[in-house]
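See below for data_10.cif, which holds mmCIF, C-alpha atoms and all ligand atoms.
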data_input
loop_
_atom_site.label_atom_id
_atom_site.label_comp_id
_atom_site.auth_asym_id
_atom_site.auth_seq_id
_atom_site.Cartn_x
_atom_site.Cartn_y
_atom_site.Cartn_z
CA MET A 241 -12.88 15.07 -19.88
CA ARG A 242 -14.37 18.14 -21.58
CA GLU A 243 -16.29 20.33 -19.20
CA SER A 244 -19.57 21.48 -20.66
CA GLY A 245 -23.18 21.54 -19.73
CA GLY A 246 -24.21 19.43 -22.70
CA ARG A 247 -26.27 16.27 -22.63
CA PRO A 248 -24.04 13.32 -21.65
CA VAL A 249 -23.51 10.82 -24.46
CA ILE A 250 -21.46 7.72 -25.21
CA VAL A 251 -20.68 6.95 -28.84
CA ASP A 252 -20.42 3.25 -29.62
CA CYS A 253 -18.91 2.91 -33.08
CA ASP A 254 -16.95 0.95 -35.70
CA PRO A 255 -14.95 3.60 -37.59
CA GLY A 256 -15.57 3.61 -40.50
CA HIS A 257 -15.60 6.80 -42.61
CA ASP A 258 -18.99 8.06 -41.49
CA ASP A 259 -18.36 6.94 -37.89
CA ALA A 260 -15.31 9.21 -37.94
CA LEU A 261 -17.54 12.17 -38.78
CA ALA A 262 -19.99 11.09 -36.08
CA LEU A 263 -17.15 11.21 -33.55
CA LEU A 264 -16.11 14.68 -34.70
CA LEU A 265 -19.68 15.93 -34.41
CA ALA A 266 -20.06 14.51 -30.91
CA ALA A 267 -16.70 15.93 -29.81
CA GLY A 268 -17.13 19.34 -31.39
CA ASP A 269 -20.61 20.45 -30.37
CA ASP A 270 -21.09 21.70 -26.81
CA ARG A 271 -24.72 20.65 -26.67
CA VAL A 272 -23.46 17.11 -26.06
CA ARG A 273 -20.82 16.00 -23.59
CA LEU A 274 -18.85 13.02 -24.90
CA LEU A 275 -18.23 10.86 -21.84
CA GLY A 276 -16.54 8.02 -23.67
CA VAL A 277 -16.19 6.11 -26.91
CA THR A 278 -16.62 2.36 -27.20
CA THR A 279 -15.73 0.36 -30.25
CA VAL A 280 -17.21 -2.73 -31.79
CA ALA A 281 -16.34 -5.08 -34.63
CA GLY A 282 -18.24 -4.16 -37.78
CA ASN A 283 -16.83 -2.20 -40.67
CA GLN A 284 -13.51 -3.79 -39.75
CA THR A 285 -12.10 -5.97 -37.00
CA LEU A 286 -12.26 -4.66 -33.44
CA GLU A 287 -8.53 -4.00 -33.42
CA LYS A 288 -8.83 -1.77 -36.48
CA THR A 289 -12.01 0.08 -35.48
CA THR A 290 -10.45 0.82 -32.09
CA ARG A 291 -7.25 2.14 -33.63
CA ASN A 292 -9.30 4.26 -36.01
CA ALA A 293 -11.34 5.80 -33.19
CA LEU A 294 -8.11 6.70 -31.39
CA LYS A 295 -6.67 8.20 -34.57
CA VAL A 296 -9.70 10.37 -35.26
CA LEU A 297 -9.88 11.73 -31.71
CA GLY A 298 -6.12 12.27 -31.67
CA LEU A 299 -6.16 14.22 -34.90
CA ALA A 300 -9.04 16.34 -33.63
CA GLY A 301 -7.13 17.10 -30.42
CA VAL A 302 -9.83 15.53 -28.26
CA ALA A 303 -8.16 14.63 -24.98
CA GLY A 304 -9.54 13.06 -21.84
CA VAL A 305 -12.28 11.01 -23.53
CA PRO A 306 -11.67 7.31 -22.80
CA VAL A 307 -11.81 4.90 -25.73
CA ALA A 308 -12.46 1.24 -24.87
CA ALA A 309 -12.74 -1.80 -27.10
CA GLY A 310 -15.92 -3.84 -26.76
CA ARG A 311 -17.02 -7.03 -28.48
CA ASP A 312 -15.00 -8.49 -31.32
CA ARG A 313 -17.78 -10.49 -32.95
CA PRO A 314 -21.56 -10.57 -33.26
CA LEU A 315 -23.68 -12.43 -30.71
CA SER A 316 -24.05 -15.26 -33.18
CA GLY A 317 -22.33 -16.19 -36.41
CA GLU A 318 -19.23 -14.91 -38.10
CA LEU A 319 -18.15 -11.30 -38.48
CA ASN A 320 -18.36 -10.06 -42.08
CA VAL A 321 -16.53 -6.75 -42.33
CA ALA A 322 -17.31 -4.04 -44.92
CA GLU A 323 -13.91 -3.91 -46.58
CA ASP A 324 -15.50 -3.14 -49.96
CA ILE A 325 -16.84 0.14 -48.54
CA HIS A 326 -14.28 1.18 -45.90
CA GLY A 327 -11.07 -0.46 -47.18
CA SER A 328 -8.61 -2.77 -45.47
CA SER A 329 -7.87 -0.37 -42.60
CA GLY A 330 -11.54 0.51 -42.11
CA LEU A 331 -10.56 4.12 -42.72
CA ASP A 332 -8.80 4.03 -46.08
CA GLY A 333 -8.07 7.26 -47.94
CA PRO A 334 -6.36 9.80 -45.68
CA VAL A 335 -2.72 9.22 -44.81
CA LEU A 336 -2.60 9.53 -41.04
CA ASP A 337 0.63 8.51 -39.41
CA LEU A 338 -0.05 9.90 -35.99
CA PRO A 339 1.01 8.38 -32.71
CA VAL A 340 -2.25 7.24 -31.15
CA ALA A 341 -3.29 7.41 -27.50
CA GLU A 342 -3.64 4.25 -25.47
CA VAL A 343 -6.90 2.37 -25.47
CA ALA A 344 -8.50 2.30 -22.00
CA ASP A 345 -7.61 -0.74 -19.94
CA VAL A 346 -11.23 -1.80 -19.53
CA ASP A 347 -13.71 -3.69 -21.69
CA GLY A 348 -15.96 -1.40 -23.75
CA VAL A 349 -19.19 -2.75 -22.26
CA GLU A 350 -17.78 -2.28 -18.77
CA LEU A 351 -16.76 1.29 -19.62
CA MET A 352 -20.31 1.98 -20.78
CA ARG A 353 -21.64 0.58 -17.52
CA ARG A 354 -19.31 2.67 -15.38
CA LEU A 355 -20.04 5.87 -17.27
CA ILE A 356 -23.80 5.33 -17.10
CA VAL A 357 -23.83 4.47 -13.43
CA GLY A 358 -21.42 7.29 -12.57
CA SER A 359 -23.24 10.00 -14.49
CA ASP A 360 -25.21 12.66 -12.65
CA GLU A 361 -27.73 12.70 -15.52
CA PRO A 362 -29.15 9.84 -17.64
CA VAL A 363 -26.83 9.08 -20.54
CA THR A 364 -27.83 8.85 -24.21
CA LEU A 365 -26.17 5.96 -26.04
CA ILE A 366 -25.46 6.72 -29.68
CA ALA A 367 -24.63 3.56 -31.62
CA THR A 368 -23.21 3.83 -35.12
CA GLY A 369 -22.09 0.23 -35.61
CA PRO A 370 -23.59 -3.22 -35.00
CA LEU A 371 -25.49 -3.22 -31.70
CA THR A 372 -23.42 -5.99 -30.07
CA ASN A 373 -21.99 -3.86 -27.23
CA VAL A 374 -25.31 -2.20 -26.48
CA ALA A 375 -27.12 -5.55 -26.36
CA ALA A 376 -24.39 -6.94 -24.10
CA LEU A 377 -24.84 -3.99 -21.74
CA LEU A 378 -28.61 -4.54 -21.58
CA THR A 379 -28.36 -8.28 -20.94
CA GLU A 380 -25.30 -8.33 -18.66
CA HIS A 381 -26.02 -5.13 -16.71
CA PRO A 382 -29.80 -4.54 -16.81
CA GLU A 383 -29.56 -2.12 -13.86
CA ALA A 384 -27.26 0.12 -15.93
CA GLY A 385 -29.45 -0.29 -19.01
CA ALA A 386 -32.45 0.93 -17.03
CA ARG A 387 -30.63 4.21 -16.37
CA VAL A 388 -30.05 4.97 -20.06
CA ARG A 389 -31.96 7.99 -21.26
CA ARG A 390 -32.32 6.82 -24.87
CA ILE A 391 -30.57 4.59 -27.37
CA VAL A 392 -30.18 6.27 -30.75
CA PHE A 393 -28.81 3.96 -33.40
CA MET A 394 -27.92 4.28 -37.03
CA GLY A 395 -29.19 1.15 -38.66
CA GLY A 396 -32.03 -0.47 -40.51
CA SER A 397 -34.36 1.09 -42.99
CA THR A 398 -38.05 1.63 -43.55
CA GLY A 399 -37.44 0.40 -47.08
CA ARG A 400 -34.65 -1.47 -48.77
CA GLY A 401 -31.22 -2.40 -47.45
CA ASN A 402 -27.61 -2.01 -48.50
CA THR A 403 -26.00 -5.28 -47.45
CA THR A 404 -28.80 -7.53 -48.60
CA PRO A 405 -31.81 -6.33 -50.58
CA TYR A 406 -33.71 -5.64 -47.33
CA GLY A 407 -30.94 -5.64 -44.75
CA GLU A 408 -28.79 -2.70 -43.66
CA PHE A 409 -25.17 -3.40 -42.63
CA ASN A 410 -25.31 -2.66 -38.87
CA ILE A 411 -28.41 -4.80 -38.36
CA VAL A 412 -27.39 -7.60 -40.73
CA THR A 413 -24.03 -7.85 -38.94
CA ASP A 414 -25.74 -8.61 -35.60
CA PRO A 415 -29.51 -9.15 -35.93
CA GLU A 416 -29.83 -10.73 -32.48
CA ALA A 417 -28.27 -7.67 -30.87
CA ALA A 418 -30.64 -5.33 -32.69
CA ASP A 419 -33.54 -7.52 -31.63
CA ILE A 420 -32.50 -7.24 -27.97
CA VAL A 421 -32.26 -3.45 -28.22
CA LEU A 422 -35.59 -3.07 -29.99
CA ARG A 423 -37.35 -5.34 -27.50
CA SER A 424 -35.73 -3.76 -24.44
CA GLY A 425 -38.62 -1.44 -23.67
CA LEU A 426 -36.18 1.46 -23.42
CA PRO A 427 -36.65 4.63 -25.47
CA VAL A 428 -35.06 3.86 -28.83
CA THR A 429 -34.60 5.95 -31.96
CA MET A 430 -33.79 4.32 -35.30
CA ILE A 431 -31.98 6.36 -37.90
CA GLY A 432 -32.22 4.24 -41.04
CA LEU A 433 -31.08 4.35 -44.63
CA ASN A 434 -34.37 5.94 -45.65
CA VAL A 435 -33.07 9.22 -44.17
CA THR A 436 -29.29 8.75 -44.25
CA HIS A 437 -29.39 8.35 -48.03
CA GLN A 438 -30.42 12.01 -48.20
CA ALA A 439 -27.16 13.31 -46.66
CA LEU A 440 -24.79 13.08 -49.60
CA ALA A 441 -21.17 14.20 -49.57
CA THR A 442 -21.22 16.12 -52.84
CA GLU A 443 -18.18 17.79 -54.43
CA GLU A 444 -19.32 21.04 -52.77
CA ILE A 445 -19.37 19.41 -49.34
CA ILE A 446 -15.92 17.92 -49.88
CA ALA A 447 -14.60 21.31 -51.02
CA GLU A 448 -16.08 22.93 -47.93
CA PHE A 449 -14.28 20.45 -45.67
CA ARG A 450 -11.03 21.18 -47.49
CA ALA A 451 -11.40 24.97 -47.68
CA PRO A 452 -9.60 26.08 -44.49
CA GLY A 453 -6.54 23.97 -45.39
CA THR A 454 -6.29 22.46 -41.88
CA ARG A 455 -5.21 18.87 -41.24
CA LEU A 456 -8.64 18.03 -39.89
CA GLY A 457 -10.44 19.58 -42.87
CA GLU A 458 -8.14 17.73 -45.29
CA PHE A 459 -8.74 14.52 -43.37
CA CYS A 460 -12.53 14.84 -43.67
CA ALA A 461 -12.25 15.69 -47.36
CA ASP A 462 -9.95 12.72 -48.01
CA LEU A 463 -12.27 10.41 -46.10
CA MET A 464 -15.24 11.50 -48.19
CA THR A 465 -13.26 11.24 -51.43
CA PHE A 466 -12.44 7.60 -50.68
CA PHE A 467 -16.04 6.93 -49.56
CA ALA A 468 -17.28 8.43 -52.82
CA SER A 469 -15.08 6.06 -54.82
CA THR A 470 -16.37 2.93 -53.07
CA TYR A 471 -20.03 4.01 -53.16
CA LEU A 472 -19.67 4.67 -56.86
CA ARG A 473 -18.01 1.30 -57.49
CA VAL A 474 -20.28 -0.82 -55.27
CA PHE A 475 -23.64 0.94 -55.58
CA GLY A 476 -23.26 3.24 -58.58
CA PHE A 477 -24.11 6.22 -56.33
CA GLU A 478 -22.96 9.58 -57.66
CA HIS A 479 -22.31 10.76 -54.08
CA PRO A 480 -21.84 8.76 -50.88
CA PRO A 481 -24.42 8.89 -48.07
CA VAL A 482 -22.99 9.98 -44.72
CA HIS A 483 -25.03 7.84 -42.36
CA ASP A 484 -23.64 7.88 -38.85
CA PRO A 485 -23.36 11.57 -37.89
CA ILE A 486 -27.11 11.90 -38.44
CA ALA A 487 -27.64 9.85 -35.27
CA VAL A 488 -25.49 12.35 -33.36
CA ALA A 489 -27.18 15.32 -35.04
CA SER A 490 -30.59 14.07 -33.94
CA VAL A 491 -29.43 14.17 -30.31
CA ILE A 492 -27.85 17.61 -30.62
CA ASP A 493 -30.83 19.18 -32.36
CA PRO A 494 -33.96 17.02 -32.60
CA ARG A 495 -35.45 19.41 -35.17
CA ILE A 496 -32.99 18.06 -37.75
CA VAL A 497 -34.56 14.60 -37.86
CA ARG A 498 -38.30 14.05 -37.97
CA THR A 499 -39.42 10.81 -36.33
CA VAL A 500 -42.64 8.89 -35.90
CA ALA A 501 -43.43 6.26 -33.28
CA ALA A 502 -43.76 2.85 -34.94
CA PRO A 503 -43.43 -0.86 -34.25
CA VAL A 504 -40.07 -2.16 -35.47
CA ALA A 505 -39.11 -5.83 -35.54
CA VAL A 506 -35.92 -7.48 -36.72
CA GLU A 507 -36.21 -10.43 -39.05
CA LEU A 508 -34.10 -13.15 -37.45
CA SER A 509 -34.80 -16.08 -39.68
CA GLY A 510 -36.05 -14.99 -43.11
CA THR A 511 -34.83 -17.05 -46.03
CA TYR A 512 -33.66 -13.93 -47.83
CA THR A 513 -34.31 -11.24 -45.26
CA ARG A 514 -32.36 -12.03 -42.06
CA GLY A 515 -31.41 -8.69 -40.49
CA ALA A 516 -34.17 -6.69 -42.17
CA THR A 517 -35.99 -4.15 -40.00
CA VAL A 518 -39.72 -4.60 -40.43
CA VAL A 519 -41.20 -1.17 -39.73
CA ASP A 520 -44.96 -0.95 -39.44
CA LEU A 521 -45.23 2.69 -40.46
CA HIS A 522 -48.90 2.48 -41.37
CA ARG A 523 -49.85 0.48 -38.29
CA ARG A 524 -51.17 -2.52 -40.18
CA THR A 525 -50.39 -4.90 -37.31
CA ASP A 526 -51.53 -4.87 -33.71
CA ARG A 527 -47.99 -4.40 -32.42
CA ASP A 528 -47.28 -1.41 -30.19
CA PRO A 529 -44.69 1.18 -31.20
CA ASN A 530 -41.28 0.38 -29.71
CA ALA A 531 -39.18 3.01 -31.46
CA GLU A 532 -39.10 6.51 -32.81
CA VAL A 533 -38.28 5.98 -36.47
CA ALA A 534 -36.59 8.68 -38.52
CA VAL A 535 -38.64 9.63 -41.57
CA GLY A 536 -37.38 13.09 -42.48
CA LEU A 537 -34.08 15.01 -42.50
CA ASP A 538 -33.28 18.71 -42.73
CA VAL A 539 -30.28 18.14 -44.97
CA ASP A 540 -28.95 21.73 -44.96
CA ALA A 541 -29.20 22.04 -41.19
CA PHE A 542 -27.40 18.72 -40.82
CA TRP A 543 -24.43 19.81 -42.93
CA ARG A 544 -24.28 23.19 -41.16
CA LEU A 545 -24.09 21.39 -37.82
CA LEU A 546 -21.39 18.99 -38.94
CA MET A 547 -19.26 21.70 -40.59
CA ALA A 548 -19.55 23.91 -37.52
CA SER A 549 -18.34 21.08 -35.33
CA VAL A 550 -15.31 20.37 -37.50
CA ARG A 551 -14.49 24.10 -37.67
CA HIS A 552 -14.80 24.29 -33.88
CA LEU A 553 -12.33 21.45 -33.41
CA GLU A 554 -9.91 23.10 -35.85
CA LYS A 555 -9.51 26.13 -33.58
C1 LIG B 601 -23.71 1.73 -41.80
O1 LIG B 601 -22.80 0.69 -42.14
C2 LIG B 601 -21.48 1.16 -42.12
O2 LIG B 601 -20.83 0.85 -43.30
C3 LIG B 601 -21.54 2.64 -41.87
O3 LIG B 601 -20.48 3.04 -41.02
C4 LIG B 601 -22.89 2.86 -41.24
O4 LIG B 601 -22.83 2.76 -39.84
C5 LIG B 601 -24.52 2.09 -43.01
O5 LIG B 601 -25.24 0.98 -43.45
CA CA B 602 -20.76 2.74 -38.65
#

Just give me the structure of the file as structure tokens.
Amino acid sequence: MRESGGRPVIVDCDPGHDDALALLLAAGDDRVRLLGVTTVAGNQTLEKTTRNALKVLGLAGVAGVPVAAGRDRPLSGELNVAEDIHGSSGLDGPVLDLPVAEVADVDGVELMRRLIVGSDEPVTLIATGPLTNVAALLTEHPEAGARVRRIVFMGGSTGRGNTTPYGEFNIVTDPEAADIVLRSGLPVTMIGLNVTHQALATEEIIAEFRAPGTRLGEFCADLMTFFASTYLRVFGFEHPPVHDPIAVASVIDPRIVRTVAAPVAVELSGTYTRGATVVDLHRRTDRDPNAEVAVGLDVDAFWRLLMASVRHLEK
């Protein structure tokens, strides 16, 4: 385990190109202390997302951080992976034939519980995939959930979606889990597409990743090159949005993401809108705020933070 005085965090993820960068940011910045990584089915099957998390941490030389596999399907319904965006491995693009470390011999939700209960300080949960594991923790181990400092998740949107017209992938994949998290009464921060679509991996960003000529820099550049090709094909975007590390960045330096307190509900049964986050930004209902909702991003500061973390891990 890395020794540092940073804020203790657990990253719950489904790597995933942008999840990979979220892991590197969490592992490479001393203002957070990465206690463990848990994986969930989402962008790909649980087996693949778990292998990908192990690969990323292995390549970055991150040792002593346990990686445990959590839930392999949403709380209800079938798993629909995002192969069109992340490829058949979940991390297509870079060629990475590394031996990977062993996955921890404990269920991901149980690892979360142990790390939270065993921590000297309240732990921040950063979720960058469907919220299945986090919801399972809150329902199966409420005493551990009550000790969580904050849940920061990438998901949802104050506007339109990316998986359905109004639904974002992480929430659409497991709407019931998101509903449990948002109704938990715990401090929650939502980092939605309305801000993540501002962090674009341009040619300049990709060149900056590649510049030092290290394996890790090449890996990040190759990841973003593949991500750019799928975002162009599927959405017609000139540059791909790098969603997940923004959730980590907001924990490292809260000045990077501006939030407002707002009521957020998850549509569980809409004819066309299941999985949409209904965000009452203008307080037109009588619902009380249950989340801090990201509404602004300091894009340059975000990229500086992410690059610095990758450079730090390269040393
Ligand atoms: C989210 O869905 C996944 O494809 C990404 O990894 C990110 O977590 C964006 O909608
Ligand atoms: Ca993700």

Please, which residues have at least one atom within 7 Å of an atom of ligand LIG 601 (chain B), using only C-alpha atoms and all ligand atoms, listed as number ranges by chain?
A: 254-259, 283, 322, 325, 368-369, 394-395, 402, 408-410, 433, 483-484

Could you tell me how far atom CA of Gln438 of chain A sits from atom CA of Leu274 of chain A, in Å to one decimal place?
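Atom-to-atom, atom CA of Leu274 of chain A and atom CA of Gln438 of chain A are spaced 26.0 Å apart.
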
Between atom CA of Asp269 of chain A and atom CA of Val550 of chain A, measure the distance and give it in Å to one decimal.
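Distance between the two atoms: 8.9 Å.
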
Of the residues A:Asn320, A:Asn434, A:Ser359, A:Gln284, which is the one nearest to ligand CA 602 (chain B), using only C-alpha atoms and all ligand atoms?
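Result for the nearest residue to ligand CA 602 (chain B): A:Gln284.
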
For His479 of chain A, which residue among A:Met464, A:Asn530, A:Ala309, A:Gly333 is the nearest when counting only C-alpha atoms?
A:Met464

Using only C-alpha atoms, which residues sit within 10 Å of segment 285-296 of chain A once same-chain residues fewer than 2 positions away are excluded, as an MDAnalysis selection string?
chainID A and resid 253:257 259:261 263:264 277:283 298:302 305:313 319:323 328:331 336:343 456 459:460

Can I get the residues of segment 357-397 of chain A within 12 Å of segment 503-519 of chain A, each with the closest pair of atoms and their distance in Å to one decimal, using all atoms listed in the file, sorted chain first then ascending number, as CSV?
residue,atom,partner,partner_atom,distance
A:Pro370,CA,A:Gly515,CA,11.0
A:Leu371,CA,A:Gly515,CA,11.9
A:Gly395,CA,A:Thr517,CA,8.7
A:Gly396,CA,A:Thr517,CA,5.4
A:Ser397,CA,A:Thr517,CA,6.2

Could you state the separation of atom CA of Thr364 of chain A and atom CA of Arg495 of chain A in Å, given to one decimal place?
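Between atom CA of Thr364 of chain A and atom CA of Arg495 of chain A the gap is 17.0 Å.
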